[in-house]
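Undergrad: The file below is start.cif, mmCIF, C-alpha atoms (C1' of nucleotides):
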data_start
#
loop_
_atom_site.label_atom_id
_atom_site.label_comp_id
_atom_site.auth_asym_id
_atom_site.auth_seq_id
_atom_site.Cartn_x
_atom_site.Cartn_y
_atom_site.Cartn_z
CA MET V 1 -4.40 -2.13 221.54
CA ASN V 2 -2.44 -4.01 218.94
CA THR V 3 -3.42 -4.40 215.33
CA ALA V 4 -4.36 -8.04 215.61
CA LYS V 5 -6.80 -7.36 218.40
CA ARG V 6 -8.31 -4.43 216.55
CA LYS V 7 -8.89 -6.52 213.49
CA ARG V 8 -10.39 -9.25 215.58
CA LEU V 9 -12.80 -6.89 217.22
CA GLU V 10 -13.74 -5.51 213.86
CA ALA V 11 -14.31 -9.03 212.55
CA VAL V 12 -16.52 -9.86 215.50
CA GLY V 13 -18.71 -6.90 214.80
CA TRP V 14 -17.61 -3.93 216.84
CA ASN V 15 -19.14 -1.17 214.83
CA VAL V 16 -17.08 1.75 216.02
CA GLY V 17 -17.15 3.80 212.86
CA SER V 18 -15.85 2.58 209.55
CA ALA V 19 -12.93 0.21 209.31
CA ALA V 20 -10.86 3.02 207.86
CA ASP V 21 -11.58 5.33 210.77
CA PHE V 22 -11.22 2.73 213.46
CA LEU V 23 -8.04 1.24 212.18
CA GLU V 24 -6.68 4.48 210.78
CA LEU V 25 -6.08 2.81 207.44
CA SER V 26 -6.17 4.05 203.89
CA PRO V 27 -9.25 3.04 201.89
CA GLU V 28 -7.19 0.51 199.95
CA GLU V 29 -5.75 -1.01 203.08
CA ALA V 30 -9.20 -1.12 204.66
CA ALA V 31 -10.52 -2.88 201.56
CA PHE V 32 -7.64 -5.30 201.75
CA VAL V 33 -8.35 -6.12 205.39
CA GLU V 34 -11.99 -6.56 204.48
CA VAL V 35 -11.08 -9.17 201.87
CA LYS V 36 -9.09 -11.06 204.46
CA LEU V 37 -11.90 -10.96 206.96
CA ARG V 38 -14.40 -12.25 204.42
CA LEU V 39 -12.14 -15.14 203.55
CA SER V 40 -11.59 -15.81 207.25
CA GLU V 41 -15.29 -15.97 207.92
CA SER V 42 -15.82 -18.21 204.94
CA LEU V 43 -13.13 -20.56 206.15
CA ARG V 44 -14.67 -20.87 209.60
CA LYS V 45 -18.09 -21.51 208.13
CA ARG V 46 -16.81 -24.17 205.77
CA ARG V 47 -14.76 -25.89 208.45
CA LYS V 48 -17.66 -25.99 210.87
CA GLY V 49 -20.00 -27.08 208.12
CA GLN V 50 -17.77 -30.09 207.69
CA LYS V 51 -17.60 -30.76 211.41
CA LEU V 52 -13.86 -30.39 211.43
CA SER V 53 -11.86 -29.16 214.40
CA GLN V 54 -9.15 -26.60 213.76
CA ASP V 55 -6.66 -29.32 214.48
CA ALA V 56 -8.20 -31.64 211.89
CA LEU V 57 -8.16 -28.95 209.25
CA ALA V 58 -4.59 -28.07 210.19
CA ARG V 59 -3.52 -31.64 209.47
CA LYS V 60 -5.25 -31.56 206.11
CA ILE V 61 -3.21 -28.59 205.02
CA ARG V 62 -0.05 -29.58 206.91
CA SER V 63 -0.28 -26.63 209.20
CA SER V 64 -0.96 -26.25 212.89
CA GLN V 65 -4.03 -25.66 215.02
CA SER V 66 -2.70 -22.33 216.19
CA ARG V 67 -2.28 -21.10 212.66
CA VAL V 68 -5.80 -22.16 211.72
CA ALA V 69 -7.04 -20.20 214.72
CA LYS V 70 -5.12 -17.18 213.45
CA MET V 71 -6.51 -17.66 209.95
CA GLU V 72 -10.04 -17.55 211.29
CA ALA V 73 -9.21 -14.58 213.51
CA GLY V 74 -8.01 -12.53 210.55
CA ASP V 75 -4.62 -12.26 212.19
CA PRO V 76 -2.26 -9.92 210.33
CA THR V 77 0.43 -12.57 210.19
CA VAL V 78 -1.79 -14.72 207.98
CA SER V 79 -1.56 -14.13 204.25
CA ILE V 80 -4.42 -14.31 201.80
CA ASP V 81 -2.43 -17.00 200.05
CA LEU V 82 -2.69 -19.18 203.14
CA LEU V 83 -6.39 -18.47 203.54
CA ILE V 84 -7.07 -19.44 199.95
CA ARG V 85 -5.01 -22.61 200.24
CA ALA V 86 -7.02 -23.53 203.33
CA LEU V 87 -10.31 -22.77 201.61
CA LEU V 88 -9.36 -24.89 198.63
CA ALA V 89 -8.46 -27.69 201.03
CA THR V 90 -12.04 -27.60 202.31
CA GLY V 91 -13.20 -28.16 198.76
CA ALA V 92 -14.02 -24.57 197.91
CA THR V 93 -14.36 -23.85 194.20
CA HIS V 94 -13.33 -20.69 192.43
CA ARG V 95 -16.93 -19.67 192.55
CA ASP V 96 -17.00 -20.22 196.31
CA LEU V 97 -13.95 -18.00 196.67
CA ALA V 98 -15.53 -15.34 194.51
CA ARG V 99 -18.70 -15.43 196.57
CA ALA V 100 -16.70 -15.05 199.77
CA VAL V 101 -14.78 -12.07 198.40
CA ALA V 102 -17.93 -10.39 197.13
CA SER V 103 -20.01 -11.21 200.19
CA SER V 104 -21.12 -8.04 201.88
CA GLY V 105 -21.91 -9.57 205.25
CA LYS V 106 -23.08 -12.52 207.23
CA MET Y 1 -6.14 -31.44 183.45
CA ASN Y 2 -5.94 -30.47 179.83
CA THR Y 3 -2.90 -29.63 177.76
CA ALA Y 4 -3.77 -25.98 177.40
CA LYS Y 5 -3.80 -25.42 181.10
CA ARG Y 6 -0.60 -27.37 181.56
CA LYS Y 7 1.16 -25.22 179.01
CA ARG Y 8 -0.24 -22.15 180.65
CA LEU Y 9 1.27 -23.12 183.96
CA GLU Y 10 4.56 -24.23 182.47
CA ALA Y 11 4.91 -21.02 180.53
CA VAL Y 12 4.66 -19.11 183.75
CA GLY Y 13 7.43 -21.00 185.50
CA TRP Y 14 5.66 -23.11 188.06
CA ASN Y 15 7.45 -26.23 189.14
CA VAL Y 16 6.24 -28.26 186.24
CA GLY Y 17 9.52 -28.93 184.51
CA SER Y 18 8.73 -32.48 183.53
CA ALA Y 19 5.41 -34.12 182.90
CA ALA Y 20 5.98 -36.25 185.97
CA ASP Y 21 6.56 -33.19 188.12
CA PHE Y 22 3.44 -31.65 186.76
CA LEU Y 23 1.38 -34.67 187.66
CA GLU Y 24 2.48 -34.21 191.26
CA LEU Y 25 0.68 -30.89 191.40
CA SER Y 26 -2.30 -31.52 193.59
CA PRO Y 27 -5.69 -30.31 192.42
CA GLU Y 28 -5.65 -27.77 195.24
CA GLU Y 29 -2.28 -26.42 194.17
CA ALA Y 30 -3.38 -26.23 190.56
CA ALA Y 31 -6.51 -24.36 191.63
CA PHE Y 32 -4.38 -22.02 193.68
CA VAL Y 33 -2.12 -21.23 190.75
CA GLU Y 34 -5.19 -20.66 188.62
CA VAL Y 35 -6.46 -18.05 191.07
CA LYS Y 36 -3.16 -16.25 190.85
CA LEU Y 37 -3.18 -16.29 187.08
CA ARG Y 38 -6.69 -14.91 186.95
CA LEU Y 39 -5.75 -12.06 189.24
CA SER Y 40 -2.61 -11.44 187.19
CA GLU Y 41 -4.57 -11.18 184.00
CA SER Y 42 -7.08 -8.90 185.62
CA LEU Y 43 -4.33 -6.63 186.87
CA ARG Y 44 -2.78 -6.28 183.44
CA LYS Y 45 -6.14 -5.52 181.88
CA ARG Y 46 -6.97 -2.90 184.47
CA ARG Y 47 -3.57 -1.25 184.27
CA LYS Y 48 -3.68 -1.05 180.49
CA GLY Y 49 -7.26 0.14 180.58
CA GLN Y 50 -6.02 3.05 182.62
CA LYS Y 51 -3.08 3.73 180.32
CA LEU Y 52 -0.62 3.22 183.13
CA SER Y 53 2.90 1.94 182.62
CA GLN Y 54 4.16 -0.74 184.98
CA ASP Y 55 6.43 1.89 186.44
CA ALA Y 56 3.53 4.26 187.11
CA LEU Y 57 1.53 1.54 188.81
CA ALA Y 58 4.59 0.53 190.80
CA ARG Y 59 4.87 4.04 192.20
CA LYS Y 60 1.20 4.03 193.16
CA ILE Y 61 1.71 0.98 195.31
CA ARG Y 62 5.24 1.84 196.41
CA SER Y 63 6.70 -1.11 194.62
CA SER Y 64 8.98 -1.44 191.62
CA GLN Y 65 8.49 -1.91 187.90
CA SER Y 66 10.18 -5.26 188.00
CA ARG Y 67 7.80 -6.52 190.61
CA VAL Y 68 4.77 -5.31 188.68
CA ALA Y 69 6.13 -7.21 185.69
CA LYS Y 70 6.37 -10.31 187.86
CA MET Y 71 2.86 -9.77 189.17
CA GLU Y 72 1.48 -9.74 185.66
CA ALA Y 73 3.60 -12.71 184.70
CA GLY Y 74 2.15 -14.80 187.53
CA ASP Y 75 5.63 -15.23 188.93
CA PRO Y 76 5.75 -17.71 191.83
CA THR Y 77 7.52 -15.16 194.03
CA VAL Y 78 4.46 -12.91 193.92
CA SER Y 79 1.84 -13.43 196.58
CA ILE Y 80 -1.89 -13.13 196.12
CA ASP Y 81 -1.78 -10.47 198.81
CA LEU Y 82 0.40 -8.31 196.59
CA LEU Y 83 -1.80 -8.91 193.57
CA ILE Y 84 -4.88 -7.88 195.49
CA ARG Y 85 -3.20 -4.78 196.88
CA ALA Y 86 -2.23 -3.83 193.33
CA LEU Y 87 -5.73 -4.47 192.03
CA LEU Y 88 -7.26 -2.35 194.78
CA ALA Y 89 -4.79 0.40 193.88
CA THR Y 90 -6.24 0.41 190.37
CA GLY Y 91 -9.65 1.04 191.91
CA ALA Y 92 -10.91 -2.51 191.79
CA THR Y 93 -13.92 -3.18 193.99
CA HIS Y 94 -14.63 -6.36 195.91
CA ARG Y 95 -16.97 -7.27 193.13
CA ASP Y 96 -14.21 -6.76 190.57
CA LEU Y 97 -11.97 -9.07 192.57
CA ALA Y 98 -14.72 -11.66 192.80
CA ARG Y 99 -15.30 -11.51 189.07
CA ALA Y 100 -11.61 -11.99 188.40
CA VAL Y 101 -11.43 -15.00 190.70
CA ALA Y 102 -14.53 -16.57 189.22
CA SER Y 103 -13.61 -15.77 185.64
CA SER Y 104 -13.26 -18.96 183.69
CA GLY Y 105 -11.02 -17.52 181.00
CA LYS Y 106 -10.86 -14.91 178.31
"C1'" DT H 1 -17.97 -29.87 240.35
"C1'" DG H 2 -13.98 -32.15 237.34
"C1'" DT H 3 -12.39 -33.98 232.95
"C1'" DT H 4 -11.60 -33.61 228.33
"C1'" DA H 5 -11.94 -31.32 223.78
"C1'" DT H 6 -11.50 -27.32 221.38
"C1'" DT H 7 -9.97 -22.77 220.46
"C1'" DA H 8 -6.96 -18.60 221.44
"C1'" DT H 9 -2.56 -16.27 222.27
"C1'" DG H 10 2.38 -15.59 222.30
"C1'" DT H 11 6.89 -16.73 220.60
"C1'" DC H 12 10.63 -17.93 217.42
"C1'" DA H 13 13.85 -20.17 213.95
"C1'" DG H 14 13.56 -21.12 209.39
"C1'" DA H 15 11.18 -20.33 205.02
"C1'" DT H 16 9.30 -17.25 201.69
"C1'" DA H 17 8.18 -12.68 199.66
"C1'" DT H 18 9.51 -7.97 198.91
"C1'" DG H 19 11.54 -3.67 196.90
"C1'" DA H 20 15.32 -2.22 194.64
"C1'" DC H 21 18.72 -2.48 191.38
"C1'" DA H 22 21.09 -3.78 187.00
"C1'" DT H 23 20.44 -5.04 182.60
"C1'" DA H 24 18.34 -7.47 178.71
"C1'" DA H 25 14.57 -7.70 175.63
"C1'" DT H 26 10.91 -5.69 173.20
"C1'" DA H 27 7.88 -2.00 171.65
"C1'" DT H 28 6.95 2.66 169.81
"C1'" DG H 29 7.67 6.38 166.89
"C1'" DA H 30 10.59 9.53 164.02
"C1'" DT O 1 17.50 2.86 160.73
"C1'" DC O 2 17.98 5.14 165.46
"C1'" DA O 3 16.45 6.82 169.89
"C1'" DT O 4 13.56 6.19 173.64
"C1'" DA O 5 9.92 4.14 176.27
"C1'" DT O 6 8.26 0.11 178.18
"C1'" DT O 7 8.47 -4.50 179.78
"C1'" DA O 8 11.11 -8.79 181.19
"C1'" DT O 9 14.62 -11.30 183.85
"C1'" DG O 10 18.02 -12.15 187.40
"C1'" DT O 11 19.87 -11.19 191.91
"C1'" DC O 12 20.06 -10.05 196.80
"C1'" DA O 13 19.57 -7.96 201.58
"C1'" DT O 14 15.79 -7.23 204.26
"C1'" DA O 15 11.12 -7.84 205.64
"C1'" DT O 16 7.36 -10.69 206.35
"C1'" DC O 17 5.07 -15.20 206.83
"C1'" DT O 18 4.97 -19.97 208.40
"C1'" DG O 19 4.73 -24.22 211.17
"C1'" DA O 20 5.55 -25.69 215.49
"C1'" DC O 21 5.45 -25.42 220.21
"C1'" DA O 22 3.85 -24.08 224.92
"C1'" DT O 23 0.22 -22.67 227.43
"C1'" DA O 24 -3.96 -20.10 228.51
"C1'" DA O 25 -8.79 -19.67 227.82
"C1'" DT O 26 -13.17 -21.50 226.76
"C1'" DA O 27 -16.65 -25.07 225.58
"C1'" DA O 28 -18.97 -29.43 226.22
"C1'" DC O 29 -20.69 -32.77 229.04
"C1'" DA O 30 -21.12 -35.99 232.81
#
Can you present the structure in this file as C-alpha cells?
TA:
Amino acid sequence: MNTAKRKRLEAVGWNVGSAADFLELSPEEAAFVEVKLRLSESLRKRRKGQKLSQDALARKIRSSQSRVAKMEAGDPTVSIDLLIRALLATGATHRDLARAVASSGK
Amino acid sequence: MNTAKRKRLEAVGWNVGSAADFLELSPEEAAFVEVKLRLSESLRKRRKGQKLSQDALARKIRSSQSRVAKMEAGDPTVSIDLLIRALLATGATHRDLARAVASSGK
DNA sequence: TGTTATTATGTCAGATATGACATAATATGA
DNA sequence: TCATATTATGTCATATCTGACATAATAACA
C-alpha cells in the first residue's frame, strides 16, 4: 500500500492503532501529517459549505480539479502552503486556520 | 493595509519593490505571507527559549544553519511546511501552532 | 436503466523548495 | 582590541511540488 493511500485511509477514519504506528512515522512526522489532514478536512468543509464544486474552487485559485481532490485527500504531493492558499481563497481568516490546526476531530 | 505591515513585508524581501507592486498583492497573498511571518517569529522565540543556536536546531531537523536563518527571516524560499516541521521539532503542539497562526502581533 | 455532474487517480514537464556550501556580517566575551 | 561564536546572505544541483491532462470511479437524478 502506498503512502498516499495510507494517509487517505487514516483521514477517513481507519483506526488501526495510532498514526505513528500505522504509518511507521516519527512523532513529529505524524504530527505534521495530522496538521495536513486537519487543514484538508477544513478545506472540504468550507468548500461544501459554499456549494462549490472542486472544479469551481480550482478556478478560483488557478489550480485544477485534480489537485483540489488531492488537497482534500491529504495527498503527500500537496504542500501545506497550497492548502493554506486554498483555505484563504475560501475566505478563511487567520482564526479559522488556527481553529482548523487546533481542531482535535470532527 | 497599513504602512507598518507594508514595511514589515518589504523588509523581508517579498515582491513589493515598488508601491505599485505592493498594491498588486492580493489580500489572500498578503494573508498568506502574514501566516508565514507569524510562524517565523514563533520559531525564533521557541528556539531562543530553548537556548539553541540555529546550527543546533538545523541538526535536529537535518537541515542547515543557513536555512534556519532563512526560516526565521520569513524568506520567500521557505515553505510553511518547513516552518511547521521546524516548530514541531522544537516540541510545539498543535495548540502552539494554532496560537502562532492566530497571533495578531507581539 | 442512461445521462450528466462530480470526484478520484495516475502521470509528467516545468516550476519551486531544499540542503549544503562559502562567506559576510554581527554578536559575545576576554 | 582580538578571537570566536552566532547569524545573515548568496548560490546551485538536486529534490519536491504544481498545474494540467486523461481517464476511471462515483453520485445525482430522471
Undergrad: Listing only residues of chain O within 9 Å of chain Y, what is the closest atom pair and its distance in Å (to one decimal) for each, using only C-alpha atoms (C1' of nucleotides), sorted by chain and residue number ascending, as CSV?
TA:
residue,atom,partner,partner_atom,distance
O:DT6,C1',Y:Ser53,CA,7.2
O:DT7,C1',Y:Ala69,CA,6.9
O:DA8,C1',Y:Ala69,CA,6.9
O:DT9,C1',Y:Ser66,CA,8.6
Undergrad: Any chance you could work out the residue set of the PyMOL selection byres ((chain V and resi 31-47) around 7) here, as a ChimeraX atom specification?
TA: /V:11,27-30,48-52,71-74,80,83,87,90,100-101 /Y:85
Undergrad: Would you mind exporting the chosen residues as a PDB file, keeping the file's coordinate frame, restricted to C-alpha atoms?
TA:
ATOM      1  CA  ALA V  11     -14.310  -9.030 212.550  1.00  0.00           C
ATOM      2  CA  PRO V  27      -9.250   3.040 201.890  1.00  0.00           C
ATOM      3  CA  GLU V  28      -7.190   0.510 199.950  1.00  0.00           C
ATOM      4  CA  GLU V  29      -5.750  -1.010 203.080  1.00  0.00           C
ATOM      5  CA  ALA V  30      -9.200  -1.120 204.660  1.00  0.00           C
ATOM      6  CA  LYS V  48     -17.660 -25.990 210.870  1.00  0.00           C
ATOM      7  CA  GLY V  49     -20.000 -27.080 208.120  1.00  0.00           C
ATOM      8  CA  GLN V  50     -17.770 -30.090 207.690  1.00  0.00           C
ATOM      9  CA  LYS V  51     -17.600 -30.760 211.410  1.00  0.00           C
ATOM     10  CA  LEU V  52     -13.860 -30.390 211.430  1.00  0.00           C
ATOM     11  CA  MET V  71      -6.510 -17.660 209.950  1.00  0.00           C
ATOM     12  CA  GLU V  72     -10.040 -17.550 211.290  1.00  0.00           C
ATOM     13  CA  ALA V  73      -9.210 -14.580 213.510  1.00  0.00           C
ATOM     14  CA  GLY V  74      -8.010 -12.530 210.550  1.00  0.00           C
ATOM     15  CA  ILE V  80      -4.420 -14.310 201.800  1.00  0.00           C
ATOM     16  CA  LEU V  83      -6.390 -18.470 203.540  1.00  0.00           C
ATOM     17  CA  LEU V  87     -10.310 -22.770 201.610  1.00  0.00           C
ATOM     18  CA  THR V  90     -12.040 -27.600 202.310  1.00  0.00           C
ATOM     19  CA  ALA V 100     -16.700 -15.050 199.770  1.00  0.00           C
ATOM     20  CA  VAL V 101     -14.780 -12.070 198.400  1.00  0.00           C
TER      21      VAL V 101
ATOM     22  CA  ARG Y  85      -3.200  -4.780 196.880  1.00  0.00           C
TER      23      ARG Y  85
END
Undergrad: Would you compute the distance between atom C1' of DA5 of chain O and atom C1' of DA24 of chain H? Give it in Å to one decimal.
TA: 14.5 Å
Undergrad: So, with only C-alpha atoms as the atoms that count, which of Y:Asp75, Y:Ser26, Y:Lys60, Y:Ala89 lies closest to chain V?
TA: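 Of the candidates, the smallest distance to chain V is held by Y:Ala89.
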Undergrad: For DT16 of chain H, work out the shell of residues within 12 Å, counting only C-alpha atoms (C1' of nucleotides) and skipping chain neighbours fewer than 2 positions away, then give it as a PDB file with C-alpha atoms (C1' of nucleotides), in the frame of the given file.
TA:
ATOM      1  CA  SER V  79      -1.560 -14.130 204.250  1.00  0.00           C
ATOM      2  CA  ASP V  81      -2.430 -17.000 200.050  1.00  0.00           C
TER       3      ASP V  81
ATOM      4  CA  PRO Y  76       5.750 -17.710 191.830  1.00  0.00           C
ATOM      5  CA  THR Y  77       7.520 -15.160 194.030  1.00  0.00           C
ATOM      6  CA  VAL Y  78       4.460 -12.910 193.920  1.00  0.00           C
ATOM      7  CA  SER Y  79       1.840 -13.430 196.580  1.00  0.00           C
TER       8      SER Y  79
ATOM      9  C1'  DG H  14      13.560 -21.120 209.390  1.00  0.00           C
ATOM     10  C1'  DT H  18       9.510  -7.970 198.910  1.00  0.00           C
TER      11       DT H  18
ATOM     12  C1'  DA O  15      11.120  -7.840 205.640  1.00  0.00           C
ATOM     13  C1'  DT O  16       7.360 -10.690 206.350  1.00  0.00           C
ATOM     14  C1'  DC O  17       5.070 -15.200 206.830  1.00  0.00           C
ATOM     15  C1'  DT O  18       4.970 -19.970 208.400  1.00  0.00           C
TER      16       DT O  18
END
Undergrad: Can you turn the PyMOL selection byres ((chain H) within 8 of (chain Y)) into a concrete residue list for this file, as number ranges by chain?
TA: H: 17, 19-20
Undergrad: Written as a ChimeraX atom specification, what is the full residue list that the PyMOL selection byres ((chain O and resi 25) around 12) yields on the file shown?
TA: /H:6-9 /O:23-24,26-27
Undergrad: Write to file, as an mmCIF file, in the coordinates of the input, the residues of the selection just made, with C-alpha atoms (C1' of nucleotides).
TA:
data_model
loop_
_atom_site.group_PDB
_atom_site.id
_atom_site.type_symbol
_atom_site.label_atom_id
_atom_site.label_comp_id
_atom_site.auth_asym_id
_atom_site.auth_seq_id
_atom_site.Cartn_x
_atom_site.Cartn_y
_atom_site.Cartn_z
ATOM 1 C "C1'" DT H 6 -11.500 -27.320 221.380
ATOM 2 C "C1'" DT H 7 -9.970 -22.770 220.460
ATOM 3 C "C1'" DA H 8 -6.960 -18.600 221.440
ATOM 4 C "C1'" DT H 9 -2.560 -16.270 222.270
ATOM 5 C "C1'" DT O 23 0.220 -22.670 227.430
ATOM 6 C "C1'" DA O 24 -3.960 -20.100 228.510
ATOM 7 C "C1'" DT O 26 -13.170 -21.500 226.760
ATOM 8 C "C1'" DA O 27 -16.650 -25.070 225.580
#
Undergrad: Expressed in Å to a single decimal, how great is the separation between atom C1' of DT11 of chain O and atom C1' of DA25 of chain H?
TA: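 Taking atom C1' of DT11 of chain O and atom C1' of DA25 of chain H, their separation equals 17.5 Å.
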Undergrad: When you look at DT4 of chain H with a cut-off of 10 Å (counting only C-alpha atoms (C1' of nucleotides)), what residues show up, excluding the ones that are within fewer than 2 positions of it in the same chain? I need them as a PyMOL selection string.
TA: (chain H and resi 2+6) or (chain O and resi 28-29)
Undergrad: Which residue out of Y:Ala98, Y:Ala58, Y:Gly91, Y:Ile84 has the minimum interatomic distance to chain V when all atoms listed in the file are used?
TA: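 Nearest to chain V: Y:Ala98.
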Undergrad: When distances are computed from all atoms listed in the file, which of V:Arg95, V:Ser103, V:Leu25, V:Arg59 shows the smallest separation from chain Y?
TA: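 Looking only at the distances to chain Y, the closest residue turns out to be V:Arg95.
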Undergrad: In Å to one decimal, how far is atom C1' of DG10 of chain O from atom CA of Ala86 of chain Y?
TA: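 It comes out at 22.7 Å.
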